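Coordinates from model_24.pdb are shown below (PDB, C-alpha atoms).
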```
ATOM      1  CA  ILE A  16      25.440  61.070 -37.409
ATOM      2  CA  GLY A  17      25.783  60.196 -33.743
ATOM      3  CA  ALA A  18      26.708  56.604 -33.015
ATOM      4  CA  GLY A  19      25.165  54.047 -30.703
ATOM      5  CA  VAL A  20      23.245  51.133 -32.189
ATOM      6  CA  MET A  21      20.628  53.242 -33.970
ATOM      7  CA  GLY A  22      23.050  55.932 -35.128
ATOM      8  CA  GLY A  23      25.492  53.368 -36.445
ATOM      9  CA  ASP A  24      22.771  51.560 -38.376
ATOM     10  CA  ILE A  25      21.454  54.820 -39.858
ATOM     11  CA  ALA A  26      24.971  55.766 -40.913
ATOM     12  CA  ALA A  27      25.544  52.355 -42.491
ATOM     13  CA  TRP A  28      22.300  52.584 -44.455
ATOM     14  CA  CYS A  29      23.172  56.047 -45.770
ATOM     15  CA  ALA A  30      26.615  54.828 -46.847
ATOM     16  CA  LEU A  31      24.990  51.822 -48.505
ATOM     17  CA  ARG A  32      22.814  54.205 -50.528
ATOM     18  CA  GLY A  33      25.852  56.097 -51.815
ATOM     19  CA  LEU A  34      26.334  58.935 -49.323
ATOM     20  CA  THR A  35      29.584  59.818 -47.591
ATOM     21  CA  VAL A  36      28.902  59.685 -43.863
ATOM     22  CA  THR A  37      30.888  60.560 -40.755
ATOM     23  CA  LEU A  38      29.959  58.654 -37.597
ATOM     24  CA  GLN A  39      30.772  60.280 -34.271
ATOM     25  CA  ASP A  40      30.953  58.794 -30.785
ATOM     26  CA  GLN A  41      33.043  59.290 -27.659
ATOM     27  CA  SER A  42      35.751  56.712 -28.414
ATOM     28  CA  ALA A  43      37.023  54.235 -30.991
ATOM     29  CA  GLU A  44      35.794  51.403 -28.786
ATOM     30  CA  ARG A  45      32.232  52.711 -29.064
ATOM     31  CA  LEU A  46      32.509  53.069 -32.845
ATOM     32  CA  ALA A  47      33.936  49.595 -33.462
ATOM     33  CA  PRO A  48      30.648  47.620 -33.101
ATOM     34  CA  ALA A  49      28.876  49.998 -35.486
ATOM     35  CA  MET A  50      31.597  49.601 -38.099
ATOM     36  CA  LYS A  51      31.445  45.814 -37.732
ATOM     37  CA  ARG A  52      27.660  45.767 -38.238
ATOM     38  CA  ALA A  53      28.060  48.051 -41.232
ATOM     39  CA  GLY A  54      30.554  45.689 -42.828
ATOM     40  CA  LYS A  55      28.097  42.815 -42.442
ATOM     41  CA  LEU A  56      25.284  44.885 -43.979
ATOM     42  CA  PHE A  57      27.426  45.877 -46.963
ATOM     43  CA  SER A  58      28.488  42.295 -47.619
ATOM     44  CA  GLU A  59      24.933  40.941 -47.397
ATOM     45  CA  ARG A  60      23.247  43.656 -49.458
ATOM     46  CA  LEU A  61      25.902  44.432 -52.079
ATOM     47  CA  ARG A  62      27.478  40.969 -52.429
ATOM     48  CA  ASP A  63      30.209  42.324 -54.701
ATOM     49  CA  PRO A  64      33.359  42.729 -52.512
ATOM     50  CA  ARG A  65      34.418  45.837 -54.422
ATOM     51  CA  ARG A  66      31.077  47.561 -53.924
ATOM     52  CA  ALA A  67      31.099  46.553 -50.247
ATOM     53  CA  ARG A  68      34.597  48.012 -49.902
ATOM     54  CA  ASP A  69      33.477  51.267 -51.554
ATOM     55  CA  ALA A  70      30.525  51.524 -49.159
ATOM     56  CA  HIS A  71      32.836  50.928 -46.209
ATOM     57  CA  ASP A  72      35.115  53.691 -47.489
ATOM     58  CA  ARG A  73      32.146  56.078 -47.461
ATOM     59  CA  LEU A  74      31.546  55.436 -43.740
ATOM     60  CA  ILE A  75      34.154  57.447 -41.826
ATOM     61  CA  PRO A  76      34.738  57.075 -38.058
ATOM     62  CA  ASP A  77      34.887  60.587 -36.621
ATOM     63  CA  ILE A  78      35.575  60.682 -32.893
ATOM     64  CA  ALA A  79      36.389  64.409 -32.890
ATOM     65  CA  GLY A  80      33.275  65.352 -34.863
ATOM     66  CA  ASP A  81      35.215  67.131 -37.591
ATOM     67  CA  GLY A  82      32.606  66.169 -40.190
ATOM     68  CA  VAL A  83      29.952  68.413 -38.642
ATOM     69  CA  ALA A  84      31.359  71.581 -40.228
ATOM     70  CA  ARG A  85      31.159  70.057 -43.733
ATOM     71  CA  ALA A  86      27.893  68.111 -43.490
ATOM     72  CA  ASP A  87      24.745  68.782 -45.498
ATOM     73  CA  VAL A  88      22.633  66.745 -43.057
ATOM     74  CA  ILE A  89      23.406  66.188 -39.357
ATOM     75  CA  ILE A  90      21.408  63.526 -37.514
ATOM     76  CA  GLU A  91      21.529  63.272 -33.732
ATOM     77  CA  ALA A  92      20.888  59.692 -32.608
ATOM     78  CA  ILE A  93      21.920  59.616 -28.957
ATOM     79  CA  VAL A  94      20.311  58.711 -25.636
ATOM     80  CA  GLU A  95      16.641  59.703 -25.214
ATOM     81  CA  ASN A  96      17.475  62.429 -22.704
ATOM     82  CA  LEU A  97      16.144  65.939 -23.218
ATOM     83  CA  ALA A  98      18.941  67.819 -21.428
ATOM     84  CA  VAL A  99      21.661  65.913 -23.303
ATOM     85  CA  LYS A 100      19.988  66.499 -26.660
ATOM     86  CA  GLN A 101      19.652  70.220 -25.914
ATOM     87  CA  ARG A 102      23.367  70.479 -25.121
ATOM     88  CA  VAL A 103      24.303  68.584 -28.270
ATOM     89  CA  PHE A 104      22.228  70.802 -30.546
ATOM     90  CA  THR A 105      23.564  73.992 -28.986
ATOM     91  CA  GLU A 106      27.045  72.764 -29.896
ATOM     92  CA  LEU A 107      26.006  71.538 -33.350
ATOM     93  CA  GLU A 108      24.384  74.857 -34.242
ATOM     94  CA  SER A 109      27.629  76.685 -33.501
ATOM     95  CA  LYS A 110      29.673  74.332 -35.719
ATOM     96  CA  ALA A 111      27.335  73.506 -38.597
ATOM     97  CA  ARG A 112      27.014  75.382 -41.867
ATOM     98  CA  PRO A 113      24.078  77.841 -41.878
ATOM     99  CA  ASP A 114      22.345  75.786 -44.592
ATOM    100  CA  ALA A 115      22.942  72.382 -42.978
ATOM    101  CA  LEU A 116      19.933  70.342 -41.928
ATOM    102  CA  LEU A 117      19.795  69.741 -38.154
ATOM    103  CA  ALA A 118      17.793  66.589 -37.430
ATOM    104  CA  THR A 119      16.977  64.576 -34.341
ATOM    105  CA  ASN A 120      16.171  60.876 -34.297
ATOM    106  CA  THR A 121      14.238  61.275 -31.043
ATOM    107  CA  SER A 122      11.656  58.562 -30.448
ATOM    108  CA  SER A 123       9.121  60.696 -28.625
ATOM    109  CA  ILE A 124      10.350  64.035 -27.230
ATOM    110  CA  PRO A 125       8.536  67.051 -28.744
ATOM    111  CA  LEU A 126      10.847  69.054 -31.002
ATOM    112  CA  GLU A 127       9.869  72.321 -29.331
ATOM    113  CA  GLN A 128      11.592  71.144 -26.152
ATOM    114  CA  ILE A 129      14.770  69.993 -27.910
ATOM    115  CA  ALA A 130      15.011  73.188 -29.981
ATOM    116  CA  SER A 131      14.448  75.554 -27.039
ATOM    117  CA  GLY A 132      18.150  76.386 -26.739
ATOM    118  CA  LEU A 133      18.791  77.032 -30.432
ATOM    119  CA  LYS A 134      19.240  80.520 -31.791
ATOM    120  CA  ASP A 135      17.037  79.475 -34.712
ATOM    121  CA  PRO A 136      14.621  76.757 -33.493
ATOM    122  CA  GLY A 137      13.192  76.577 -37.006
ATOM    123  CA  ARG A 138      16.297  74.728 -38.192
ATOM    124  CA  LEU A 139      15.421  71.587 -36.229
ATOM    125  CA  VAL A 140      13.454  68.760 -37.821
ATOM    126  CA  GLY A 141      12.791  65.193 -36.731
ATOM    127  CA  ILE A 142      14.026  62.339 -38.933
ATOM    128  CA  HIS A 143      12.978  59.272 -36.961
ATOM    129  CA  PHE A 144      14.091  55.829 -38.160
ATOM    130  CA  PHE A 145      12.840  52.498 -36.841
ATOM    131  CA  ASN A 146      14.549  49.243 -35.880
ATOM    132  CA  PRO A 147      15.842  47.322 -37.684
ATOM    133  CA  VAL A 148      16.913  50.247 -39.899
ATOM    134  CA  ALA A 149      17.857  48.079 -42.890
ATOM    135  CA  GLN A 150      14.398  46.455 -42.962
ATOM    136  CA  MET A 151      11.993  49.183 -41.885
ATOM    137  CA  MET A 152      11.087  51.483 -44.778
ATOM    138  CA  LEU A 153       9.093  54.041 -42.803
ATOM    139  CA  VAL A 154      10.815  57.190 -41.508
ATOM    140  CA  GLU A 155       8.877  59.879 -39.654
ATOM    141  CA  VAL A 156       9.643  63.438 -40.779
ATOM    142  CA  ILE A 157       8.554  65.532 -37.821
ATOM    143  CA  SER A 158       7.869  69.264 -37.899
ATOM    144  CA  GLY A 159       7.838  71.249 -34.687
ATOM    145  CA  ALA A 160       5.761  74.377 -34.233
ATOM    146  CA  GLN A 161       8.711  76.499 -35.390
ATOM    147  CA  THR A 162      10.236  74.217 -38.016
ATOM    148  CA  HIS A 163      10.719  76.101 -41.274
ATOM    149  CA  ALA A 164       8.683  74.691 -44.154
ATOM    150  CA  GLU A 165      11.799  74.523 -46.347
ATOM    151  CA  VAL A 166      13.603  72.512 -43.668
ATOM    152  CA  ALA A 167      10.770  69.969 -43.598
ATOM    153  CA  ARG A 168      10.807  69.742 -47.396
ATOM    154  CA  ASN A 169      14.570  69.184 -47.426
ATOM    155  CA  ALA A 170      14.254  66.486 -44.755
ATOM    156  CA  THR A 171      11.616  64.709 -46.836
ATOM    157  CA  ALA A 172      13.862  64.912 -49.907
ATOM    158  CA  PHE A 173      16.739  63.408 -47.911
ATOM    159  CA  VAL A 174      14.593  60.469 -46.784
ATOM    160  CA  ASP A 175      13.552  59.911 -50.412
ATOM    161  CA  GLN A 176      17.196  60.045 -51.475
ATOM    162  CA  ILE A 177      18.147  57.136 -49.209
ATOM    163  CA  ASP A 178      15.217  55.029 -50.465
ATOM    164  CA  LYS A 179      13.046  55.236 -47.371
ATOM    165  CA  LEU A 180       9.352  56.154 -47.092
ATOM    166  CA  PRO A 181       8.837  59.553 -45.412
ATOM    167  CA  LEU A 182       5.783  60.028 -43.195
ATOM    168  CA  ALA A 183       5.114  63.686 -42.404
ATOM    169  CA  CYS A 184       3.801  64.356 -38.926
ATOM    170  CA  LYS A 185       3.575  67.134 -36.365
ATOM    171  CA  SER A 186       5.532  67.208 -33.140
ATOM    172  CA  ALA A 187       3.534  65.518 -30.375
ATOM    173  CA  PRO A 188       4.501  63.006 -27.668
ATOM    174  CA  GLY A 189       5.314  59.725 -29.423
ATOM    175  CA  PHE A 190       4.553  61.151 -32.900
ATOM    176  CA  TRP A 191       2.687  58.585 -35.046
ATOM    177  CA  VAL A 192       4.317  55.209 -34.588
ATOM    178  CA  ASN A 193       5.314  55.246 -30.924
ATOM    179  CA  ARG A 194       1.833  56.334 -29.864
ATOM    180  CA  ILE A 195       0.778  52.936 -31.245
ATOM    181  CA  LEU A 196       3.925  50.998 -30.367
ATOM    182  CA  ALA A 197       4.048  51.999 -26.696
ATOM    183  CA  PRO A 198       0.818  50.146 -25.734
ATOM    184  CA  TYR A 199       2.013  47.119 -27.764
ATOM    185  CA  LEU A 200       5.295  46.911 -25.846
ATOM    186  CA  THR A 201       3.559  47.674 -22.539
ATOM    187  CA  GLU A 202       1.240  44.717 -23.055
ATOM    188  CA  THR A 203       4.291  42.588 -23.911
ATOM    189  CA  MET A 204       5.867  43.462 -20.562
ATOM    190  CA  ARG A 205       2.618  42.606 -18.781
ATOM    191  CA  CYS A 206       2.625  39.199 -20.489
ATOM    192  CA  LEU A 207       6.197  38.628 -19.330
ATOM    193  CA  ASP A 208       5.192  39.534 -15.775
ATOM    194  CA  GLU A 209       2.405  36.977 -16.014
ATOM    195  CA  GLY A 210       4.927  34.264 -16.830
ATOM    196  CA  ILE A 211       4.630  33.927 -20.601
ATOM    197  CA  ALA A 212       8.016  33.002 -22.076
ATOM    198  CA  PRO A 213       9.661  35.733 -24.192
ATOM    199  CA  GLU A 214      10.279  33.200 -26.954
ATOM    200  CA  THR A 215       6.547  32.482 -27.116
ATOM    201  CA  LEU A 216       5.700  36.173 -27.479
ATOM    202  CA  ASP A 217       8.297  36.763 -30.183
ATOM    203  CA  GLU A 218       7.325  33.645 -32.123
ATOM    204  CA  ALA A 219       3.673  34.711 -32.096
ATOM    205  CA  ALA A 220       4.564  38.162 -33.444
ATOM    206  CA  LEU A 221       6.782  36.695 -36.170
ATOM    207  CA  ALA A 222       4.039  34.273 -37.183
ATOM    208  CA  PHE A 223       1.656  37.246 -37.432
ATOM    209  CA  GLY A 224       4.055  38.939 -39.865
ATOM    210  CA  MET A 225       6.091  41.302 -37.714
ATOM    211  CA  PRO A 226       9.728  41.661 -38.835
ATOM    212  CA  MET A 227      10.877  41.298 -35.226
ATOM    213  CA  GLY A 228       9.288  40.062 -31.992
ATOM    214  CA  PRO A 229       8.352  42.641 -29.336
ATOM    215  CA  VAL A 230      10.794  41.322 -26.724
ATOM    216  CA  GLU A 231      13.698  41.383 -29.177
ATOM    217  CA  LEU A 232      12.587  44.806 -30.385
ATOM    218  CA  ALA A 233      12.574  46.219 -26.848
ATOM    219  CA  ASP A 234      16.043  44.800 -26.335
ATOM    220  CA  VAL A 235      17.372  46.281 -29.593
ATOM    221  CA  VAL A 236      15.796  49.686 -28.945
ATOM    222  CA  GLY A 237      17.003  49.614 -25.334
ATOM    223  CA  LEU A 238      14.866  49.370 -22.217
ATOM    224  CA  ASP A 239      16.013  52.860 -21.208
ATOM    225  CA  VAL A 240      14.638  54.282 -24.455
ATOM    226  CA  CYS A 241      11.411  52.291 -24.078
ATOM    227  CA  ALA A 242      10.993  53.674 -20.560
ATOM    228  CA  ALA A 243      11.637  57.234 -21.749
ATOM    229  CA  VAL A 244       9.123  56.897 -24.577
ATOM    230  CA  GLY A 245       6.563  55.473 -22.165
ATOM    231  CA  GLN A 246       6.969  58.423 -19.823
ATOM    232  CA  VAL A 247       6.654  60.986 -22.617
ATOM    233  CA  VAL A 248       3.632  59.301 -24.200
ATOM    234  CA  GLY A 249       2.143  58.930 -20.731
ATOM    235  CA  GLY A 250       2.377  62.652 -20.151
ATOM    236  CA  LYS A 251       5.391  62.694 -17.837
ATOM    237  CA  GLU A 252       8.683  64.500 -18.299
ATOM    238  CA  ALA A 253      11.312  62.840 -20.476
ATOM    239  CA  LEU A 254      14.111  61.224 -18.490
TER     240      LEU A 254
END
```
Mind turning this structure into structure tokens?
Amino acid sequence: IGAGVMGGDIAAWCALRGLTVTLQDQSAERLAPAMKRAGKLFSERLRDPRRARDAHDRLIPDIAGDGVARADVIIEAIVENLAVKQRVFTELESKARPDALLATNTSSIPLEQIASGLKDPGRLVGIHFFNPVAQMMLVEVISGAQTHAEVARNATAFVDQIDKLPLACKSAPGFWVNRILAPYLTETMRCLDEGIAPETLDEAALAFGMPMGPVELADVVGLDVCAAVGQVVGGKEAL
């Protein structure tokens, strides 16, 4: 699993559910915040210090990416940038086992574009988590035009294994959730421009029953990712 906020939280959840996970990023300094958040999650959810320690032992920092060659499931969770994702998957395909699942956590980019550089584009599937990972049960399992049926089935089984709710969908800009979420966040930004306080917007959403306010959500997701999703859903090229 690639690091960053989302990647780190996905990795922590998988370790919490009993899987051994390697977490890769460019440096130890980038991995440190993810490991700290994971420790907090383990303590809060497991409560028993021994079980929390065991979960922490299952989450392995992996700057060099050595875990890729041994992994059953590889999840890319990096910046929402098409060219970068294409380069990463070209490298992953050369290192991964032939039977390993290659998955992208892309928020909106069609899988056909990401898989264009793969020797076997049918290996790529979307496994898209939502923030906050520990609270949001839904996970989109996205099939591109060339995704092998067995790959999609295995991705669904993986999501079941980690106690999440898989939602099968086809590759299209924004998939299911972000086609709905993008207008919601866009309207939030319009309200901010009109002078409504961010605290007011978030409090209203929380009172309605949302697990997180839209301003906080945009901040957690990252404004760069929000902008990229907006461009893709709006019919423009991904950044």
Using the chain letters and numbers from the file, which residues does the PyMOL selection byres ((chain A and resi 83) around 9) grab, as a PDB file with C-alpha atoms, in the frame of the given file?
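Produced file result_30.pdb, reproduced below:
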```pdb
ATOM      1  CA  ILE A  16      25.440  61.070 -37.409  1.00  0.00           C
ATOM      2  CA  THR A  37      30.888  60.560 -40.755  1.00  0.00           C
ATOM      3  CA  GLY A  80      33.275  65.352 -34.863  1.00  0.00           C
ATOM      4  CA  ASP A  81      35.215  67.131 -37.591  1.00  0.00           C
ATOM      5  CA  GLY A  82      32.606  66.169 -40.190  1.00  0.00           C
ATOM      6  CA  ALA A  84      31.359  71.581 -40.228  1.00  0.00           C
ATOM      7  CA  ARG A  85      31.159  70.057 -43.733  1.00  0.00           C
ATOM      8  CA  ALA A  86      27.893  68.111 -43.490  1.00  0.00           C
ATOM      9  CA  ASP A  87      24.745  68.782 -45.498  1.00  0.00           C
ATOM     10  CA  VAL A  88      22.633  66.745 -43.057  1.00  0.00           C
ATOM     11  CA  ILE A  89      23.406  66.188 -39.357  1.00  0.00           C
ATOM     12  CA  LEU A 107      26.006  71.538 -33.350  1.00  0.00           C
ATOM     13  CA  LYS A 110      29.673  74.332 -35.719  1.00  0.00           C
ATOM     14  CA  ALA A 111      27.335  73.506 -38.597  1.00  0.00           C
ATOM     15  CA  ARG A 112      27.014  75.382 -41.867  1.00  0.00           C
TER      16      ARG A 112
END
```
Can you tell me, as a PyMOL selection string, what residues are no more than 12 Å from Arg68 (chain A) when counting all atoms listed in the file, ignoring any on the same chain fewer than 2 positions away? chain A and resi 30-31+53-58+61-66+70-74
Using all atoms listed in the file for the distances, tell me which of A:Val244, A:Ala130, A:Val103, A:Leu34 is nearest to Thr201 (chain A).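 Nearest to Thr201 (chain A): A:Val244.
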Suppose a student applies the PyMOL selection byres ((chain A and resi 194) around 10) to this structure; what residues should they get, written as a ChimeraX atom specification? /A:123,187-193,195-199,244-245,247-249
Distance criterion (all atoms listed in the file): nearest to Val20 (chain A) out of A:Pro147, A:Asp114, A:Leu182, A:Gly132: A:Pro147
Name the residues that the PyMOL selection byres ((chain A and resi 185) around 8) picks from the file above, as a PDB file with C-alpha atoms, in the frame of the given file, using the file's chain letters and numbers.
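Result written to selection_33.pdb:
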```
ATOM      1  CA  ILE A 157       8.554  65.532 -37.821  1.00  0.00           C
ATOM      2  CA  SER A 158       7.869  69.264 -37.899  1.00  0.00           C
ATOM      3  CA  GLY A 159       7.838  71.249 -34.687  1.00  0.00           C
ATOM      4  CA  ALA A 160       5.761  74.377 -34.233  1.00  0.00           C
ATOM      5  CA  ALA A 183       5.114  63.686 -42.404  1.00  0.00           C
ATOM      6  CA  CYS A 184       3.801  64.356 -38.926  1.00  0.00           C
ATOM      7  CA  SER A 186       5.532  67.208 -33.140  1.00  0.00           C
ATOM      8  CA  ALA A 187       3.534  65.518 -30.375  1.00  0.00           C
ATOM      9  CA  PHE A 190       4.553  61.151 -32.900  1.00  0.00           C
TER      10      PHE A 190
END
```
